[in-house]
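data.pdb (PDB, C-alpha atoms)
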ATOM      1  CA  MET A 242      75.242 116.354  71.625
ATOM      2  CA  TYR A 243      77.095 113.368  73.053
ATOM      3  CA  SER A 244      77.528 111.047  70.133
ATOM      4  CA  PHE A 245      78.522 107.434  69.509
ATOM      5  CA  THR A 246      79.683 105.704  66.347
ATOM      6  CA  GLN A 247      78.314 102.261  65.464
ATOM      7  CA  THR A 248      81.766 100.677  65.951
ATOM      8  CA  GLU A 249      82.019 102.352  69.341
ATOM      9  CA  LYS A 250      78.659 100.980  70.512
ATOM     10  CA  ARG A 251      79.754  97.481  69.502
ATOM     11  CA  ASP A 252      83.160  97.940  71.216
ATOM     12  CA  LEU A 253      81.487  99.167  74.421
ATOM     13  CA  LEU A 254      79.179  96.142  74.422
ATOM     14  CA  ILE A 255      82.082  93.719  73.907
ATOM     15  CA  GLY A 256      84.179  95.502  76.553
ATOM     16  CA  THR A 257      81.368  95.442  79.128
ATOM     17  CA  THR A 258      80.740  91.736  78.463
ATOM     18  CA  ILE A 259      84.445  90.915  78.929
ATOM     19  CA  PHE A 260      84.551  92.936  82.169
ATOM     20  CA  VAL A 261      81.483  91.198  83.630
ATOM     21  CA  LEU A 262      82.775  87.733  82.655
ATOM     22  CA  VAL A 263      86.212  88.373  84.215
ATOM     23  CA  GLU A 264      84.590  89.642  87.427
ATOM     24  CA  LEU A 265      82.302  86.593  87.507
ATOM     25  CA  SER A 266      85.320  84.290  87.037
ATOM     26  CA  ILE A 267      86.562  85.630  90.408
ATOM     27  CA  ALA A 268      83.115  85.720  92.045
ATOM     28  CA  ILE A 269      82.240  82.066  91.355
ATOM     29  CA  TYR A 270      84.495  81.094  94.288
ATOM     30  CA  ASP A 271      82.492  83.272  96.717
ATOM     31  CA  PHE A 272      78.901  82.767  95.547
ATOM     32  CA  ASN A 273      76.999  79.527  95.234
ATOM     33  CA  THR A 274      73.623  80.301  93.698
ATOM     34  CA  LEU A 275      72.809  81.488  90.195
ATOM     35  CA  LEU A 276      70.553  84.249  91.586
ATOM     36  CA  GLU A 277      73.439  85.797  93.524
ATOM     37  CA  LEU A 278      75.685  85.729  90.433
ATOM     38  CA  LEU A 279      72.897  87.196  88.291
ATOM     39  CA  ILE A 280      72.276  90.117  90.651
ATOM     40  CA  LEU A 281      76.028  90.655  90.975
ATOM     41  CA  SER A 282      76.331  90.762  87.165
ATOM     42  CA  LEU A 283      73.662  93.477  86.979
ATOM     43  CA  LEU A 284      75.425  95.496  89.679
ATOM     44  CA  ILE A 285      78.876  95.324  88.087
ATOM     45  CA  ILE A 286      77.776  96.233  84.541
ATOM     46  CA  PRO A 287      77.771 100.007  85.300
ATOM     47  CA  LEU A 288      81.177  99.894  87.028
ATOM     48  CA  TRP A 289      83.212  99.598  83.839
ATOM     49  CA  PHE A 290      80.608 101.007  81.454
ATOM     50  CA  PHE A 291      80.093 104.257  83.390
ATOM     51  CA  HIS A 292      83.845 104.563  83.982
ATOM     52  CA  GLU A 293      84.515 104.693  80.234
ATOM     53  CA  LEU A 294      81.461 106.858  79.536
ATOM     54  CA  ALA A 295      82.598 109.360  82.192
ATOM     55  CA  HIS A 296      85.930 109.805  80.369
ATOM     56  CA  LYS A 297      84.145 110.163  77.040
ATOM     57  CA  PHE A 298      81.453 112.590  78.173
ATOM     58  CA  VAL A 299      83.852 114.851  80.097
ATOM     59  CA  ALA A 300      86.157 114.965  77.061
ATOM     60  CA  GLN A 301      83.250 115.778  74.744
ATOM     61  CA  GLY A 302      81.956 118.343  77.245
ATOM     62  CA  ASN A 303      85.379 120.013  77.057
ATOM     63  CA  GLY A 304      85.096 120.294  73.305
ATOM     64  CA  LEU A 305      87.187 117.297  72.290
ATOM     65  CA  THR A 306      86.465 114.483  69.888
ATOM     66  CA  SER A 307      86.304 111.381  72.024
ATOM     67  CA  TYR A 308      85.422 107.778  71.448
ATOM     68  CA  PHE A 309      85.964 104.365  72.990
ATOM     69  CA  GLN A 310      87.940 101.844  71.015
ATOM     70  CA  LEU A 311      88.647  98.189  71.671
ATOM     71  CA  ASP A 312      92.377  97.385  71.808
ATOM     72  CA  PRO A 313      92.839  94.001  70.055
ATOM     73  CA  ASN A 314      95.945  93.025  72.106
ATOM     74  CA  MET A 315      94.448  93.937  75.468
ATOM     75  CA  ALA A 316      91.050  92.462  74.568
ATOM     76  CA  ILE A 317      92.760  89.081  74.021
ATOM     77  CA  VAL A 318      94.661  89.381  77.323
ATOM     78  CA  SER A 319      91.382  90.307  79.068
ATOM     79  CA  LEU A 320      89.599  87.385  77.402
ATOM     80  CA  LEU A 321      92.256  85.000  78.788
ATOM     81  CA  SER A 322      91.525  86.380  82.268
ATOM     82  CA  ILE A 323      88.017  84.890  82.034
ATOM     83  CA  ILE A 324      89.545  81.439  82.686
ATOM     84  CA  PRO A 325      88.845  80.981  86.440
ATOM     85  CA  ILE A 326      92.155  79.253  87.321
ATOM     86  CA  ILE A 327      94.298  82.167  86.084
ATOM     87  CA  PRO A 328      95.314  83.974  89.317
ATOM     88  CA  ILE A 329      96.183  87.411  87.873
ATOM     89  CA  LYS A 330      93.298  89.130  86.113
ATOM     90  CA  ILE A 331      93.815  91.960  83.660
ATOM     91  CA  ILE A 332      90.713  93.884  82.614
ATOM     92  CA  ALA A 333      91.596  96.508  80.029
ATOM     93  CA  PRO A 334      89.803  95.589  76.805
ATOM     94  CA  GLY A 335      89.955  99.093  75.377
ATOM     95  CA  VAL A 336      90.592 102.741  75.906
ATOM     96  CA  VAL A 337      88.845 106.086  75.386
ATOM     97  CA  PHE A 338      90.734 108.224  72.875
ATOM     98  CA  SER A 339      90.322 112.001  73.099
ATOM     99  CA  SER A 340      91.615 114.176  70.301
ATOM    100  CA  GLY A 341      91.892 117.900  69.940
ATOM    101  CA  GLU A 342      93.935 120.633  71.547
ATOM    102  CA  TYR A 343      93.639 120.752  75.315
ATOM    103  CA  ARG A 344      95.505 121.892  78.384
ATOM    104  CA  LEU A 345      97.121 119.707  81.052
ATOM    105  CA  ASP A 346      94.281 120.357  83.517
ATOM    106  CA  THR A 347      91.656 119.268  80.976
ATOM    107  CA  SER A 348      93.535 115.987  80.538
ATOM    108  CA  GLY A 349      93.593 115.599  84.343
ATOM    109  CA  ARG A 350      89.876 116.331  84.684
ATOM    110  CA  ILE A 351      89.032 113.793  81.961
ATOM    111  CA  SER A 352      91.214 111.230  83.764
ATOM    112  CA  ILE A 353      89.745 111.682  87.275
ATOM    113  CA  ALA A 354      86.176 111.375  85.972
ATOM    114  CA  GLY A 355      86.505 107.579  85.571
ATOM    115  CA  PRO A 356      87.926 106.639  88.997
ATOM    116  CA  LEU A 357      85.603 109.155  90.711
ATOM    117  CA  THR A 358      82.605 107.460  89.056
ATOM    118  CA  ASN A 359      83.811 104.162  90.530
ATOM    119  CA  ILE A 360      84.288 105.710  93.996
ATOM    120  CA  LEU A 361      80.740 107.134  93.787
ATOM    121  CA  LEU A 362      79.229 103.807  92.676
ATOM    122  CA  GLY A 363      81.208 101.964  95.384
ATOM    123  CA  GLY A 364      79.860 104.383  97.996
ATOM    124  CA  ILE A 365      76.268 103.942  96.762
ATOM    125  CA  PHE A 366      76.613 100.139  96.875
ATOM    126  CA  LEU A 367      78.023 100.389 100.420
ATOM    127  CA  LEU A 368      75.005 102.490 101.431
ATOM    128  CA  PHE A 369      72.618  99.943  99.895
ATOM    129  CA  SER A 370      74.429  97.073 101.630
ATOM    130  CA  SER A 371      73.793  98.645 105.034
ATOM    131  CA  PHE A 372      70.021  98.621 104.365
ATOM    132  CA  MET A 373      69.853  94.994 103.175
ATOM    133  CA  GLN A 374      67.929  92.685 105.460
ATOM    134  CA  LEU A 375      69.066  89.475 103.789
ATOM    135  CA  ASP A 376      72.642  88.401 104.474
ATOM    136  CA  TRP A 377      73.338  87.212 100.926
ATOM    137  CA  ALA A 378      72.013  90.470  99.434
ATOM    138  CA  MET A 379      74.275  92.466 101.744
ATOM    139  CA  VAL A 380      77.264  90.352 100.680
ATOM    140  CA  VAL A 381      76.431  90.849  96.970
ATOM    141  CA  PHE A 382      76.311  94.655  97.397
ATOM    142  CA  LEU A 383      79.518  94.619  99.462
ATOM    143  CA  TYR A 384      81.196  92.549  96.752
ATOM    144  CA  ALA A 385      80.061  94.969  94.032
ATOM    145  CA  SER A 386      81.373  97.963  96.002
ATOM    146  CA  LYS A 387      84.724  96.187  96.516
ATOM    147  CA  ALA A 388      84.916  95.505  92.751
ATOM    148  CA  SER A 389      84.249  99.210  92.159
ATOM    149  CA  PHE A 390      87.089 100.258  94.489
ATOM    150  CA  ASP A 391      89.373  97.638  92.835
ATOM    151  CA  LEU A 392      88.760  99.287  89.479
ATOM    152  CA  ALA A 393      89.252 102.805  90.875
ATOM    153  CA  LEU A 394      92.504 101.869  92.645
ATOM    154  CA  PHE A 395      93.958 100.101  89.612
ATOM    155  CA  ASN A 396      93.176 103.092  87.404
ATOM    156  CA  MET A 397      94.633 105.552  89.906
ATOM    157  CA  LEU A 398      98.065 103.856  89.899
ATOM    158  CA  PRO A 399     100.525 106.488  88.624
ATOM    159  CA  PHE A 400     102.097 104.401  85.830
ATOM    160  CA  TYR A 401     102.029 103.949  82.067
ATOM    161  CA  VAL A 402      98.858 105.375  80.477
ATOM    162  CA  LEU A 403      96.676 104.815  83.541
ATOM    163  CA  ASP A 404      94.483 107.662  84.802
ATOM    164  CA  GLY A 405      96.644 108.133  87.907
ATOM    165  CA  ALA A 406      99.695 109.114  85.814
ATOM    166  CA  LYS A 407      97.736 111.867  84.061
ATOM    167  CA  VAL A 408      96.205 113.180  87.309
ATOM    168  CA  LEU A 409      99.681 113.230  88.897
ATOM    169  CA  ARG A 410     101.053 115.254  85.965
ATOM    170  CA  TRP A 411      98.158 117.702  86.391
ATOM    171  CA  ASN A 412      98.220 118.270  90.167
ATOM    172  CA  GLN A 413      99.988 116.313  92.915
ATOM    173  CA  ALA A 414      97.603 117.438  95.692
ATOM    174  CA  ILE A 415      94.499 116.230  93.814
ATOM    175  CA  PHE A 416      96.237 112.944  92.984
ATOM    176  CA  ALA A 417      97.255 112.489  96.645
ATOM    177  CA  LEU A 418      93.669 113.111  97.843
ATOM    178  CA  ILE A 419      91.940 110.754  95.418
ATOM    179  CA  PHE A 420      94.608 108.058  95.668
ATOM    180  CA  SER A 421      94.606 108.106  99.494
ATOM    181  CA  LEU A 422      90.770 108.061  99.555
ATOM    182  CA  VAL A 423      90.528 105.051  97.265
ATOM    183  CA  LEU A 424      93.457 103.265  98.982
ATOM    184  CA  VAL A 425      91.818 103.640 102.426
ATOM    185  CA  LEU A 426      88.460 102.443 101.042
ATOM    186  CA  TRP A 427      90.100  99.491  99.271
ATOM    187  CA  LEU A 428      92.201  98.414 102.260
ATOM    188  CA  PHE A 429      89.581  98.854 104.982
ATOM    189  CA  HIS A 430      86.508  97.808 103.009
ATOM    190  CA  PRO A 431      84.636  95.073 104.985
ATOM    191  CA  GLN A 432      85.853  92.615 102.310
ATOM    192  CA  GLY A 433      89.248  94.289 101.900
ATOM    193  CA  ILE A 434      92.681  93.033 102.979
ATOM    194  CA  LEU A 435      92.545  94.849 106.341
ATOM    195  CA  GLY A 436      88.741  95.016 106.622
ATOM    196  CA  GLY A 437      88.452  91.654 108.382
ATOM    197  CA  ILE A 438      91.115  92.590 110.912
ATOM    198  CA  ILE A 439      89.391  95.741 112.084
ATOM    199  CA  ILE A 440      85.795  94.477 112.194
ATOM    200  CA  VAL A 441      85.422  91.857 114.893
TER     201      VAL A 441
ATOM    202  CA  MET B 133     102.078 123.619  88.176
ATOM    203  CA  TYR B 134      98.316 124.142  87.833
ATOM    204  CA  LYS B 135      97.041 126.694  90.366
ATOM    205  CA  LEU B 136      93.892 125.624  92.213
ATOM    206  CA  THR B 137      90.956 128.013  92.471
ATOM    207  CA  GLN B 138      89.584 128.969  95.893
ATOM    208  CA  GLN B 139      86.645 126.552  95.510
ATOM    209  CA  GLU B 140      88.995 123.748  94.511
ATOM    210  CA  GLN B 141      91.192 124.444  97.533
ATOM    211  CA  ILE B 142      88.147 124.269  99.860
ATOM    212  CA  ALA B 143      87.005 121.002  98.207
ATOM    213  CA  LEU B 144      90.524 119.623  98.667
ATOM    214  CA  ILE B 145      90.501 120.492 102.394
ATOM    215  CA  ILE B 146      87.026 118.924 102.846
ATOM    216  CA  GLY B 147      88.317 115.830 101.040
ATOM    217  CA  VAL B 148      91.365 115.517 103.292
ATOM    218  CA  VAL B 149      89.195 115.961 106.431
ATOM    219  CA  SER B 150      86.814 113.252 105.124
ATOM    220  CA  VAL B 151      89.682 110.806 104.563
ATOM    221  CA  ILE B 152      90.917 111.461 108.120
ATOM    222  CA  LEU B 153      87.354 110.954 109.476
ATOM    223  CA  ILE B 154      87.035 107.662 107.548
ATOM    224  CA  VAL B 155      90.361 106.405 108.983
ATOM    225  CA  LEU B 156      89.341 107.414 112.532
ATOM    226  CA  GLU B 157      85.946 105.725 112.141
ATOM    227  CA  ILE B 158      87.612 102.548 110.864
ATOM    228  CA  LEU B 159      90.120 102.464 113.722
ATOM    229  CA  PHE B 160      87.800 103.277 116.630
ATOM    230  CA  PHE B 161      84.108 102.842 115.756
ATOM    231  CA  SER B 162      83.835 100.027 113.220
ATOM    232  CA  SER B 163      82.596  97.218 115.495
ATOM    233  CA  ASN B 164      78.999  97.497 114.209
ATOM    234  CA  LEU B 165      79.032  96.369 110.562
ATOM    235  CA  MET B 166      75.760  98.091 109.618
ATOM    236  CA  ALA B 167      76.726 101.450 111.127
ATOM    237  CA  HIS B 168      80.229 101.094 109.665
ATOM    238  CA  THR B 169      79.020 100.484 106.076
ATOM    239  CA  LEU B 170      76.424 103.268 106.462
ATOM    240  CA  PHE B 171      79.098 105.771 107.513
ATOM    241  CA  LEU B 172      81.610 104.578 104.916
ATOM    242  CA  GLY B 173      78.993 104.601 102.116
ATOM    243  CA  GLY B 174      77.522 107.973 103.091
ATOM    244  CA  THR B 175      80.886 109.723 103.425
ATOM    245  CA  THR B 176      82.238 108.198 100.211
ATOM    246  CA  THR B 177      79.137 109.135  98.219
ATOM    247  CA  GLY B 178      79.118 112.688  99.586
ATOM    248  CA  ILE B 179      82.805 113.396  99.059
ATOM    249  CA  SER B 180      82.893 111.856  95.564
ATOM    250  CA  LEU B 181      79.862 113.933  94.504
ATOM    251  CA  LEU B 182      81.553 117.094  95.818
ATOM    252  CA  ILE B 183      84.856 116.340  94.032
ATOM    253  CA  ILE B 184      83.063 115.436  90.787
ATOM    254  CA  TYR B 185      81.116 118.703  90.874
ATOM    255  CA  ILE B 186      84.027 120.986  91.768
ATOM    256  CA  PHE B 187      86.791 119.392  89.664
ATOM    257  CA  VAL B 188      84.866 118.008  86.678
ATOM    258  CA  ILE B 189      81.362 119.433  86.138
ATOM    259  CA  GLN B 190      81.884 123.074  87.151
ATOM    260  CA  PRO B 191      84.956 123.705  84.913
ATOM    261  CA  MET B 192      83.019 122.057  82.069
ATOM    262  CA  LYS B 193      80.078 124.442  82.637
ATOM    263  CA  GLU B 194      82.413 127.461  82.775
ATOM    264  CA  GLN B 195      83.653 126.722  79.259
ATOM    265  CA  GLN B 196      80.080 127.339  78.079
ATOM    266  CA  ILE B 197      80.286 125.100  75.057
ATOM    267  CA  PRO B 198      76.740 124.570  73.762
ATOM    268  CA  PRO B 199      75.832 120.863  73.538
ATOM    269  CA  SER B 200      75.231 121.291  69.808
ATOM    270  CA  GLN B 201      78.938 122.051  69.388
ATOM    271  CA  TYR B 202      80.219 119.032  71.339
ATOM    272  CA  ASN B 203      82.698 117.125  69.203
ATOM    273  CA  GLN B 204      83.271 120.157  66.969
ATOM    274  CA  TYR B 205      84.681 122.859  69.201
ATOM    275  CA  TYR B 206      88.429 123.275  69.716
ATOM    276  CA  THR B 207      90.151 125.716  72.063
ATOM    277  CA  SER B 208      92.463 127.018  69.355
ATOM    278  CA  PRO B 209      90.785 128.244  66.154
ATOM    279  CA  SER B 210      93.970 127.625  64.153
ATOM    280  CA  PHE B 211      94.021 123.922  64.930
ATOM    281  CA  ARG B 212      90.915 122.038  63.900
ATOM    282  CA  PRO B 213      91.617 118.414  63.172
ATOM    283  CA  THR B 214      88.899 116.129  61.914
ATOM    284  CA  ILE B 215      89.453 112.490  62.575
ATOM    285  CA  ILE B 216      87.279 109.913  60.923
ATOM    286  CA  PRO B 217      86.621 107.097  63.426
ATOM    287  CA  PRO B 218      87.885 103.735  62.141
ATOM    288  CA  THR B 219      85.326 101.676  60.288
ATOM    289  CA  LYS B 220      87.236  98.400  60.268
ATOM    290  CA  LYS B 221      89.531  96.749  62.785
ATOM    291  CA  VAL B 222      93.289  97.009  62.451
ATOM    292  CA  LYS B 223      94.664  93.576  61.597
ATOM    293  CA  LYS B 224      98.295  94.260  62.524
ATOM    294  CA  THR B 225      99.038  93.687  66.215
ATOM    295  CA  THR B 226     102.454  94.241  67.779
ATOM    296  CA  LEU B 227     103.533  93.923  71.391
ATOM    297  CA  LYS B 228     107.117  95.129  71.077
ATOM    298  CA  GLY B 229     108.820  97.650  68.816
ATOM    299  CA  SER B 230     110.153 101.154  68.408
ATOM    300  CA  CYS B 231     108.000 104.270  68.243
ATOM    301  CA  GLU B 232     107.775 105.388  64.630
ATOM    302  CA  TYR B 233     107.784 109.039  65.730
ATOM    303  CA  CYS B 234     110.598 109.317  68.306
ATOM    304  CA  GLY B 235     112.301 105.938  67.914
ATOM    305  CA  LYS B 236     111.925 105.047  71.605
ATOM    306  CA  LYS B 237     111.754 101.299  72.256
ATOM    307  CA  GLU B 238     108.373 100.496  73.743
ATOM    308  CA  LEU B 239     106.962  97.276  75.150
ATOM    309  CA  MET B 240     103.163  97.168  74.807
ATOM    310  CA  GLY B 241     102.992 100.307  72.705
ATOM    311  CA  PHE B 242     100.024 101.408  70.610
ATOM    312  CA  THR B 243      99.047 100.728  67.018
ATOM    313  CA  CYS B 244      97.354 103.749  65.459
ATOM    314  CA  SER B 245      93.907 102.872  64.128
ATOM    315  CA  TYR B 246      94.296 105.288  61.232
ATOM    316  CA  CYS B 247      97.839 104.910  59.855
ATOM    317  CA  GLU B 248      98.507 101.532  61.563
ATOM    318  CA  GLY B 249     101.905 102.765  62.800
ATOM    319  CA  TYR B 250     103.413 101.656  66.130
ATOM    320  CA  PHE B 251     103.868 104.407  68.728
ATOM    321  CA  CYS B 252     104.936 104.947  72.348
ATOM    322  CA  THR B 253     102.502 106.081  75.071
ATOM    323  CA  GLU B 254     103.429 109.732  74.508
ATOM    324  CA  HIS B 255     102.863 109.726  70.739
ATOM    325  CA  ARG B 256      99.955 107.283  70.516
ATOM    326  CA  LEU B 257      97.295 109.871  69.620
ATOM    327  CA  PRO B 258      96.956 110.897  65.931
ATOM    328  CA  GLU B 259      97.803 114.564  66.449
ATOM    329  CA  LYS B 260     100.823 113.707  68.628
ATOM    330  CA  HIS B 261     102.547 111.768  65.858
ATOM    331  CA  GLY B 262     101.287 113.907  62.967
ATOM    332  CA  CYS B 263      99.145 111.087  61.648
ATOM    333  CA  VAL B 264      99.136 111.010  57.850
ATOM    334  CA  ARG B 265      95.505 109.897  57.906
ATOM    335  CA  MET B 266      94.408 112.946  59.918
ATOM    336  CA  LYS B 267      92.728 115.576  57.806
ATOM    337  CA  LEU B 268      93.250 119.226  58.705
ATOM    338  CA  ARG B 269      90.485 121.660  57.946
TER     339      ARG B 269
END
Go through the file and emit its structure as C-alpha cells.
Amino acid sequence: MYSFTQTEKRDLLIGTTIFVLVELSIAIYDFNTLLELLILSLLIIPLWFFHELAHKFVAQGNGLTSYFQLDPNMAIVSLLSIIPIIPIKIIAPGVVFSSGEYRLDTSGRISIAGPLTNILLGGIFLLFSSFMQLDWAMVVFLYASKASFDLALFNMLPFYVLDGAKVLRWNQAIFALIFSLVLVLWLFHPQGILGGIIIV
Amino acid sequence: MYKLTQQEQIALIIGVVSVILIVLEILFFSSNLMAHTLFLGGTTTGISLLIIYIFVIQPMKEQQIPPSQYNQYYTSPSFRPTIIPPTKKVKKTTLKGSCEYCGKKELMGFTCSYCEGYFCTEHRLPEKHGCVRMKLR
C-alpha cells in the first residue's frame, strides 16, 4: 500500500509548516483578526500537502518508489521568505523523488497530478466562497482559492525541474490546456491582477 | 510524441471548451460576484475532476498493479533497483558546481542523498547517475 518513511513524515510536516508560515506572512497585510488568519491557515494546509501527496501517490500507483524529501538549500530559502518584508517569496522546501523505470507519459501524469489537485481545491474554495453569508468568510475562501491557483501556476511554468517542464515534454496539447486554464483562473480570479478590472 | 487515446482527446476538447466558456463568462457576465464565483468554482471543479480521472486515475487503473505491490513493481523485470531512503540528513550543501556525471555546469543543482554527489537536473535521480549507493537486485 501507499507507504511513508519516518523521515518523510517529518519532512512533510516541516514542509507544510514552512508553506503555511510563508503564506501567512503575505496574508497578514490583508487580514486583521486572528480568527481570519486561523481559518485561512486551516484552508491552506491541504494546498501544499495534497500537492506533494498527489505526486507521491500517482508515482506509487504507477509502480515506482516515491518519497518526499526536504531540500536543505531550498528549505533555508523558503524559511527566509517567512520574513514579511521580503517582497519575493519562494516556497519550495522539498521535492518528491520517484525512482524506477518509467515512460515519458508516466512522468507527465505524475507531474500534472500536483497542479491539478491545486486547481481542484481552488475550484472547491471558489464554490464555498459563493455560499458564504459573511463577507470576511467569503474573502478568506477567495484568498485560499487564489493561493491555490498561485501554487498551480508557479508549478506549471515550463522551466527547470518544475512540473510544467515535464508535462510539456510529455504532450504539448495537455500542457497548453492546463496552463491556459490555470493562467485564466489566476488572472481573472476576483482577487487576481485583472479580476478587479472586470468585476465592477 | 505521445499519442492521445480517444477518451483523452474528448477530455482535451471538453477542457478547451470549458476554458473558452470561462473567458466568455468573465468578459460578459461577471457583474454579479456571487454568480461569477459560483460559475467559476463549479466549472473549475468539474473540469479538473474530469482531467484528473482521464489523465491520471484511469491510466493508473489500467496498469492493474495490486496495492500490495506498490513500491515494489517495476515495468521492466530486468531492472529492479532498491533504494534505501536516507536515514540522516546530508550535511554538504552546494549551490554552484559541475555535474559529477556529465560535467555540465549547474547553478542550483542537486546533491544526491545517497552518494552526496552534485548533479544537474537531468542526472539528479540515483538511477540517472548510476548512484554507487544504489543496490541492484
Kindly provide the residues of chain A that approach chain B to within 6 Å, each paired with its closest atom pair and their distance in Å to one decimal, based on all atoms listed in the file, listed by chain and increasing number, as JSON lines.
{"residue": "A:Met242", "atom": "CA", "partner": "B:Pro199", "partner_atom": "CA", "distance": 4.9}
{"residue": "A:Gln301", "atom": "CA", "partner": "B:Tyr202", "partner_atom": "CA", "distance": 5.6}
{"residue": "A:Asn303", "atom": "CA", "partner": "B:Met192", "partner_atom": "CA", "distance": 5.9}
{"residue": "A:Gly304", "atom": "CA", "partner": "B:Tyr205", "partner_atom": "CA", "distance": 4.9}
{"residue": "A:Leu305", "atom": "CA", "partner": "B:Asn203", "partner_atom": "CA", "distance": 5.5}
{"residue": "A:Thr306", "atom": "CA", "partner": "B:Asn203", "partner_atom": "CA", "distance": 4.7}
{"residue": "A:Arg350", "atom": "CA", "partner": "B:Val188", "partner_atom": "CA", "distance": 5.6}
{"residue": "A:Leu361", "atom": "CA", "partner": "B:Thr177", "partner_atom": "CA", "distance": 5.1}
{"residue": "A:Gly364", "atom": "CA", "partner": "B:Gly173", "partner_atom": "CA", "distance": 4.2}
{"residue": "A:Leu367", "atom": "CA", "partner": "B:Gly173", "partner_atom": "CA", "distance": 4.6}
{"residue": "A:Leu368", "atom": "CA", "partner": "B:Gly173", "partner_atom": "CA", "distance": 4.6}
{"residue": "A:Ser371", "atom": "CA", "partner": "B:Met166", "partner_atom": "CA", "distance": 5.0}
{"residue": "A:Leu422", "atom": "CA", "partner": "B:Val151", "partner_atom": "CA", "distance": 5.8}
{"residue": "A:Ile440", "atom": "CA", "partner": "B:Ser163", "partner_atom": "CA", "distance": 5.4}
Using only C-alpha atoms, please write the residues we just selected to a file, as a compact mmCIF listing (two decimals), in the coordinates of the input.
# COMPACT_ATOMS: atom_id res chain seq x y z
CA MET A 242 75.24 116.35 71.62
CA GLN A 301 83.25 115.78 74.74
CA ASN A 303 85.38 120.01 77.06
CA GLY A 304 85.10 120.29 73.31
CA LEU A 305 87.19 117.30 72.29
CA THR A 306 86.46 114.48 69.89
CA ARG A 350 89.88 116.33 84.68
CA LEU A 361 80.74 107.13 93.79
CA GLY A 364 79.86 104.38 98.00
CA LEU A 367 78.02 100.39 100.42
CA LEU A 368 75.00 102.49 101.43
CA SER A 371 73.79 98.64 105.03
CA LEU A 422 90.77 108.06 99.56
CA ILE A 440 85.80 94.48 112.19
### Message
Residues within 12 Å of A:Val336, please, as a PyMOL selection string. Count only C-alpha atoms; anything in the same chain fewer than 3 positions from it doesn't count.
### Response
(chain A and resi 249+252-253+256+289-290+292-294+296-297+307-316+332-333+339+352+355+396+402-404) or (chain B and resi 242+256-257)
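The coordinates place atom CA of A:Phe400 at 26.0 Å from atom CA of A:Gln432.
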### Message
Which residues are near stretch 383-387 of chain A? Cut-off 9 Å, only C-alpha atoms, ignore same chain within fewer than 5 positions. Put them as number ranges by chain.
### Response
A: 268, 281-282, 284-285, 288, 359-360, 362-367, 369-371, 378, 392, 426-427, 430-433; B: 169
### Query
Which residues come within 12 Å of A:Ile280, counting all atoms listed in the file, excluding same-chain residues fewer than 3 positions away, as a PyMOL selection string?
chain A and resi 261+265+268+272+274-277+283-286+377-382+384-385
#### Entry: Selection result of the PyMOL selection byres ((chain A and resi 331) around 10) on this file, as a list in words
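After applying the PyMOL selection byres ((chain A and resi 331) around 10), what remains is Phe260, Val263, Met315, Ala316, Val318, Ser319, Leu320, Leu321, Ser322, Ile323, Pro328, Ile329, Lys330, Ile332, Ala333 and Pro334 of chain A.
Coordinates place atom CA of A:Leu409 at a distance of 16.7 Å from atom CA of A:Tyr343.
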